[in-house]
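In what follows, a structure is listed as structure tokens, so that the remarks can point back to it.
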Amino acid sequence: MAPSQQATASPLRYHKQNGRVFVSDRQKLTERSRLSSILLGNEHWDLFHGIPKGFTLRTRVRIKLETSHVGYAWDMFQTLVSLVACAVCVVQSYHDEFVVPSMDLSFGVIFAADYCLRFYCAKNRLWFPFTFSAIIDVLAVAPTIYDYVTNDSTGQRPTFAFLRFVRILRIMKAIQMSRHSSANHFTGTQLLSLGLLVTSIVFISACLFQLVENSYRAPILSDTGAWINNNVTLGDSFYFILVTISTVGYGDIAPATTFGKVVTCAMILGSLVMLPQEVNRLVALLAMQSPFRKTYIPDPNLPHVLLLGHVASASVLLDFFTEFYHPDRIVCGPNGAASINNI
């Protein structure tokens with residue numbers, strides 16, 4: 001097709017310049033693009049496409065984060081980074097040489113960027129720093145800032161790393177991704193919330209238990225007369241927390257310090273308070289589910305009648321049910337149970 005024919009067939013108005021079709025930058029922005037659809041969620045290279053221009057930039061950013069594929073991708077990215085950061089903390093608890101300051105600095109920058117973005121588009125900036133999500137973000141970034149300042153000023157080894165286990169709570173952002181679903185999967189969201197809550201309780205309790213036990217446990221005297229540090233590994237801490245929270249309690253691992261006993265009691269009390277609440281919400285949601293809102297799955301052992309049509313009078317339905325459930329249609333089975341025959 002010739003350029004002149006392309007210009008005629010296109011809904012846009014093109015101009016000829018030196019015998020060639022000239023397309024302005026503004027017209028290029030209005031053309032559809034698959035790359036823009038992948039990156040921005042629309043085909044017009046407009047980050048806020050579909051959002052009224054009269055809204056402030058803060059409002060448009062908040063709407064974009066809460067309702068678009070870009071916001072979903074951002075929440076997914078933050079959740080994955082939080083999981084990776086927690087995995088790195090677990091590996092570092094066994095191998096000190098795995099500590100990489102640049103990696104931890106990258107995690108801190110990503111968490112700080114999310115905090116700044118949420119703070120910018122928050123409806124109430126005065127109240128936002130006191131929300132649960134904001135406090136978790138601050139605690140997640142604090143060890144990185146402290147270690148960076150300490151390394152640059154004194155050259156000492158980082159000693160503020162115990163707050164890194166709080167980053168596991170940032171996986172609760174996965175619940176925010178459910179708002180992007182087109183359907184109302186309230187039961188699935190509640191199951192996800194319950195699973196993340198159990199994971200957070202176990203991970204945080206295990207890390208706290210290891211921290212206080214290794215910090216305050218007294219060394220033991222070996223048979224050779226040497227003093228040996230009786231440290232608890234993170235795997236032993238996870239094992240102890242899981243055995244304790246499940247009320248099994250084998251007793252092979254037990255807290256040896258007062259602070260360890262306090263952490264154990266706090267974990268048990270927190271589980272008794274928070275877990276039943278989430279379970280009750282799940283039970284309430286399951287009780288609200290109607291079998292008639294689900295997709296019908298045919299079962300040969302459960303015969304049924306599908307009645308279709310428009311009924312203008314209730315008497316028509318009454319006559320139908322009177323005939324359908326007539327006593328002549330009720331037969332007695334071999335075991336003496338009454339059932340409707342196949343007439």
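Chain labels follow the order of the structure tokens: the first chain is A, the next B, and so on; residue numbering restarts at 1 in every chain, and ligands are counted from 1 in their shown order.
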
Could you give me the residues within stretch 228-283 of chain A that DSSP places in alpha helix (DSSP H), as a ChimeraX atom specification? /A:234-245,258-283

Residue nearest A:Tyr120 - candidates A:Val138, A:Met267, A:Val61, A:Cys86, atoms counted: only C-alpha atoms: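 With only C-alpha atoms as the atom set, the closest residue is A:Val61.
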
Could you check how far atom CA of A:Thr79 sits from atom CA of A:Met172, in Å to one decimal?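 Taking atom CA of A:Thr79 as the start and atom CA of A:Met172 as the end point, the length is 7.8 Å.
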
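Nearest residue to A:Val90, choosing from A:Thr233, A:Ser193, A:Ser68, A:Ser102 and counting only C-alpha atoms: A:Thr233.
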
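Using only C-alpha atoms, the smallest distance between any of A:Ile220, A:Val81, A:Leu211, A:Val149 and A:Ser237 comes from A:Leu211.
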
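Pairwise distance (atom CA of A:Asp147, atom CA of A:Phe238) equals 26.4 Å.
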
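Checking A:Thr67, A:Ser215, A:Ser205, A:Ser313 one by one against A:Ala266, counting only C-alpha atoms, you find the shortest gap at A:Ser205.
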